[in-house]
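Listing of query_14.cif, mmCIF, C-alpha atoms
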```cif
data_entry
loop_
_atom_site.label_atom_id
_atom_site.label_comp_id
_atom_site.auth_asym_id
_atom_site.auth_seq_id
_atom_site.Cartn_x
_atom_site.Cartn_y
_atom_site.Cartn_z
CA MET Z 301 73.48 123.34 124.42
CA GLU Z 302 76.30 121.58 126.25
CA GLU Z 303 79.96 121.29 125.20
CA PHE Z 304 82.52 118.62 126.03
CA ARG Z 305 86.28 118.60 125.49
CA ILE Z 306 88.82 115.79 125.55
CA ARG Z 307 89.71 114.99 129.15
CA ALA Z 308 93.12 115.56 130.65
CA GLY Z 309 95.20 112.40 130.83
CA SER Z 310 94.34 111.22 127.32
CA PHE Z 311 97.92 111.53 126.01
CA PRO Z 312 98.96 107.89 126.70
CA ARG Z 313 95.96 106.64 124.70
CA PHE Z 314 96.88 109.05 121.89
CA VAL Z 315 100.51 107.81 121.77
CA VAL Z 316 99.79 104.05 121.78
CA PRO Z 317 99.14 103.79 118.00
CA PHE Z 318 102.53 105.44 117.35
CA VAL Z 319 104.63 103.19 119.62
CA ALA Z 320 105.66 100.70 116.89
CA PRO Z 321 106.73 103.43 114.41
CA LEU Z 322 108.65 105.22 117.19
CA VAL Z 323 110.49 102.02 118.13
CA LEU Z 324 111.39 101.39 114.47
CA PHE Z 325 112.52 105.02 114.10
CA PHE Z 326 114.72 104.70 117.22
CA ALA Z 327 116.32 101.50 115.89
CA VAL Z 328 117.04 103.01 112.46
CA ILE Z 329 118.47 106.24 113.89
CA LEU Z 330 120.51 104.29 116.45
CA LEU Z 331 122.05 102.17 113.67
CA LEU Z 332 122.72 105.16 111.42
CA GLY Z 333 124.17 107.12 114.34
CA ALA Z 334 126.42 104.22 115.35
CA ILE Z 335 127.59 103.66 111.75
CA PHE Z 336 128.37 107.33 111.05
CA THR Z 337 130.02 108.06 114.42
CA GLY Z 338 131.67 104.67 114.91
CA SER Z 339 130.30 104.55 118.47
CA THR Z 340 127.36 102.47 119.72
CA LEU Z 341 126.96 104.75 122.74
CA LEU Z 342 126.77 107.82 120.51
CA GLY Z 343 124.33 105.96 118.24
CA ILE Z 344 122.07 105.30 121.23
CA ALA Z 345 122.24 108.97 122.22
CA ILE Z 346 121.41 110.12 118.68
CA GLY Z 347 118.54 107.60 118.48
CA ALA Z 348 117.18 108.77 121.84
CA LEU Z 349 117.42 112.44 120.83
CA GLY Z 350 115.72 111.85 117.48
CA THR Z 351 112.95 109.76 119.01
CA GLY Z 352 112.56 112.30 121.81
CA ALA Z 353 112.10 115.05 119.22
CA LEU Z 354 109.37 113.03 117.47
CA PHE Z 355 107.74 112.36 120.84
CA ALA Z 356 107.75 116.12 121.52
CA VAL Z 357 106.02 116.71 118.16
CA LEU Z 358 103.34 114.16 119.14
CA ALA Z 359 102.89 115.92 122.49
CA ALA Z 360 102.43 119.29 120.73
CA LYS Z 361 99.93 117.79 118.28
CA HIS Z 362 97.99 116.19 121.13
CA ARG Z 363 97.88 119.47 123.03
CA ARG Z 364 96.52 121.29 119.96
CA MET Z 365 94.04 118.50 119.23
CA SER Z 366 92.74 118.20 122.79
CA SER Z 367 92.37 121.93 123.32
CA GLY Z 368 90.63 122.51 119.97
CA THR Z 369 88.36 119.47 119.70
CA VAL Z 370 84.82 120.01 120.96
CA VAL Z 371 81.61 117.99 120.82
CA ARG Z 372 78.37 119.95 121.22
CA PHE Z 373 74.98 118.50 122.09
CA THR Z 374 71.89 120.54 121.18
CA ALA Z 375 68.19 119.87 120.72
CA GLU Z 376 68.95 119.48 116.99
CA GLY Z 377 71.76 116.93 117.29
CA VAL Z 378 75.46 116.41 117.91
CA GLU Z 379 78.34 118.35 116.35
CA LEU Z 380 82.07 117.62 116.49
CA THR Z 381 84.62 120.29 115.52
CA ASP Z 382 88.39 120.38 115.80
CA SER Z 383 91.22 122.89 115.44
CA LEU Z 384 92.21 121.55 112.01
CA GLY Z 385 88.89 122.48 110.40
CA PHE Z 386 86.98 119.20 110.53
CA ARG Z 387 83.30 119.45 111.36
CA VAL Z 388 80.78 116.61 111.66
CA HIS Z 389 77.10 117.22 112.30
CA LEU Z 390 74.55 114.50 113.09
CA ARG Z 391 70.86 115.30 113.57
CA TRP Z 392 69.17 113.14 116.22
CA PRO Z 393 66.81 111.35 113.78
CA ASP Z 394 69.73 110.52 111.45
CA ILE Z 395 71.80 108.65 114.05
CA THR Z 396 71.59 104.97 113.09
CA ARG Z 397 73.54 103.29 115.89
CA ILE Z 398 76.05 103.35 118.70
CA ASP Z 399 79.08 101.30 117.74
CA VAL Z 400 82.88 101.14 117.67
CA VAL Z 401 84.40 104.12 115.88
CA ASP Z 402 87.92 104.01 114.42
CA THR Z 403 89.72 107.35 114.39
CA GLN Z 404 92.75 107.22 112.08
CA LEU Z 405 95.20 109.98 113.10
CA ALA Z 406 98.02 109.09 110.72
CA ASN Z 407 98.48 107.41 107.37
CA PRO Z 408 97.59 103.74 107.89
CA ARG Z 409 100.12 102.61 105.26
CA SER Z 410 102.80 100.29 106.62
CA VAL Z 411 106.40 101.47 106.60
CA GLY Z 412 109.47 99.29 106.59
CA ARG Z 413 111.31 96.91 104.33
CA PRO Z 414 109.24 94.55 102.14
CA GLY Z 415 109.74 91.06 103.54
CA GLY Z 416 111.18 92.56 106.73
CA VAL Z 417 109.83 94.44 109.70
CA ARG Z 418 106.82 96.61 108.80
CA VAL Z 419 104.94 98.89 111.19
CA ARG Z 420 102.03 101.30 110.95
CA ALA Z 421 100.10 103.70 113.14
CA GLN Z 422 96.93 102.03 114.38
CA ALA Z 423 93.55 103.73 114.63
CA LEU Z 424 92.15 104.82 117.98
CA ARG Z 425 89.05 102.75 118.78
CA SER Z 426 86.23 104.00 120.94
CA VAL Z 427 82.46 103.80 121.18
CA GLY Z 428 80.52 106.60 119.56
CA LEU Z 429 77.59 107.69 117.42
CA ILE Z 430 77.23 106.71 113.75
CA GLY Z 431 74.71 108.00 111.25
CA TRP Z 432 73.99 109.92 108.05
CA GLY Z 433 75.24 113.47 108.50
CA GLU Z 434 77.23 116.38 107.21
CA ARG Z 435 81.01 116.56 107.07
CA THR Z 436 83.21 119.57 106.42
CA VAL Z 437 86.92 118.95 105.91
CA PRO Z 438 89.84 121.38 105.79
CA PRO Z 439 91.03 122.38 102.31
CA ARG Z 440 94.51 120.89 102.82
CA LEU Z 441 93.65 117.26 103.48
CA PRO Z 442 96.24 114.47 103.07
CA GLY Z 443 95.60 112.25 100.05
CA TRP Z 444 95.26 109.06 102.15
CA MET Z 445 92.53 110.72 104.22
CA ARG Z 446 90.71 112.09 101.16
CA ASP Z 447 90.74 108.57 99.64
CA ARG Z 448 89.47 107.05 102.89
CA LEU Z 449 86.60 109.55 103.13
CA ALA Z 450 85.68 108.96 99.47
CA ARG Z 451 85.06 105.27 100.29
CA VAL Z 452 82.63 106.00 103.14
CA PRO Z 453 79.07 104.73 102.53
CA VAL Z 454 76.49 107.26 101.37
CA ASP Z 455 72.77 107.22 102.18
CA PRO Z 456 71.07 106.45 98.82
CA ALA Z 457 67.99 108.50 99.78
CA THR Z 458 69.73 111.71 100.87
CA GLY Z 459 73.27 111.48 99.48
CA ARG Z 460 74.69 112.26 102.92
CA PRO Z 461 77.82 110.38 104.00
CA GLU Z 462 78.03 108.08 107.00
CA VAL Z 463 79.78 110.08 109.73
CA THR Z 464 80.96 109.20 113.20
CA VAL Z 465 81.36 111.04 116.48
CA PRO Z 466 83.85 109.16 118.71
CA LEU Z 467 82.40 110.08 122.11
CA GLY Z 468 84.68 107.55 123.81
CA GLU Z 469 87.65 109.79 122.97
CA PHE Z 470 86.11 112.47 125.19
CA ASP Z 471 85.05 110.16 128.00
CA ALA Z 472 85.37 106.36 127.98
CA GLN Z 473 82.32 106.18 130.28
CA TRP Z 474 80.22 108.67 128.27
CA GLN Z 475 77.15 106.42 128.30
CA ARG Z 476 76.91 106.83 132.09
CA GLY Z 477 77.49 110.60 132.13
CA ARG Z 478 76.04 113.81 130.71
CA MET Z 479 76.65 112.78 127.07
CA GLY Z 480 74.73 109.58 127.71
CA ASP Z 481 71.92 111.65 129.25
CA TRP Z 482 71.62 113.64 126.02
CA VAL Z 483 71.42 110.47 123.92
CA ARG Z 484 68.91 108.87 126.33
CA HIS Z 485 66.75 112.01 126.15
CA TYR Z 486 66.65 112.35 122.34
CA ARG Z 487 67.31 108.75 121.20
CA PRO Z 488 66.49 106.33 124.02
CA ASP Z 489 66.10 103.57 121.42
CA LEU Z 490 69.88 103.64 120.80
CA MET Z 491 70.86 103.13 124.44
CA GLY Z 492 68.84 99.94 124.85
CA ARG Z 493 70.84 98.02 122.25
#
```
Starting from the coordinates I provided, produce the structure as structure tokens.
Amino acid sequence: MEEFRIRAGSFPRFVVPFVAPLVLFFAVILLLGAIFTGSTLLGIAIGALGTGALFAVLAAKHRRMSSGTVVRFTAEGVELTDSLGFRVHLRWPDITRIDVVDTQLANPRSVGRPGGVRVRAQALRSVGLIGWGERTVPPRLPGWMRDRLARVPVDPATGRPEVTVPLGEFDAQWQRGRMGDWVRHYRPDLMGR
């Protein structure tokens, strides 16, 4: 068995999908601050403080996510677990392909004024393993995520859902490293594609 954790320095990649919502939040708080205080300078300060607080929340969430997210390779397959209670298990024979994996960390619904500026948090995209596996989710799952998981394809023969393991979130060059060695050893057919 071999374990891998998210590498240090992954915070900028984690924050990128939240940049547009943070900019919108700053603008709204700046305007509200300026209106209620009567001072543009004070509005800017309030906007910066509010956005800074949200940025600090993102930093704390990233720290918890990166310290508690682990991918394990064994002779049986690959398992991904995180600190929130998600668990994905893929047996080697059930991996169907290596492809782009979208990891949605926040509600993908757009926010903003209809007909005006609308922003949303984008998914993180990386290359990973996809196949028919097992998924365990925490009991308190947001409705948008539960709906998204309910729409995932299911293998008609086994009833297992299609699951993904975003190895690129752990190491963008995973195919050239130890994780790639595991896949080459157990599923060399996938690496030649």
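Taking CA of Leu324 in chain Z and CA of Ala356 in chain Z as endpoints, the distance between them is 16.7 Å.
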What separates CA of Leu384 in chain Z and CA of Ser426 in chain Z is a distance of 20.6 Å
Running the PyMOL selection byres ((chain Z and resi 387-392) around 9) on this model by hand, what would come out? Give it as a list in words. Ala375, Glu376, Gly377, Val378, Glu379, Leu380, Thr381, Asp382, Gly385, Phe386, Pro393, Asp394, Ile395, Leu429, Ile430, Gly431, Trp432, Gly433, Glu434, Arg435, Thr436, Val437, Pro438, Val463, Thr464, Val465, Val483, Tyr486 and Arg487 of chain Z
One-decimal distance in Å that lies between CA of Asp481 in chain Z and CA of Thr458 in chain Z: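 Distance reported for this atom pair: 28.5 Å.
Of the listed residues (Z:Arg460, Z:Ala348, Z:Ser367, Z:Trp444), Z:Ala348 comes nearest to Gly333 in chain Z; the distances count only C-alpha atoms.
The residue that comes closest to Arg425 in chain Z, out of Z:Leu358, Z:Val316, Z:Ala345, Z:Val371 and on the basis of all atoms listed in the file, is Z:Val316.
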All residues 9 Å or closer to Met479 in chain Z, only C-alpha atoms, same chain fewer than 5 positions away omitted, as a ChimeraX atom specification: /Z:302,304,373,467,471,474,484
Expected selection from the PyMOL selection byres ((chain Z and resi 325) around 12), given as a PyMOL selection string: chain Z and resi 318-324+326-333+344+346-355+411-412+417-420
Using only C-alpha atoms: which of Z:Gln475, Z:Arg305, Z:Thr396, Z:Trp482 has the shortest distance to Asp455 in chain Z: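 So, comparing all the options, the nearest one is Z:Thr396.
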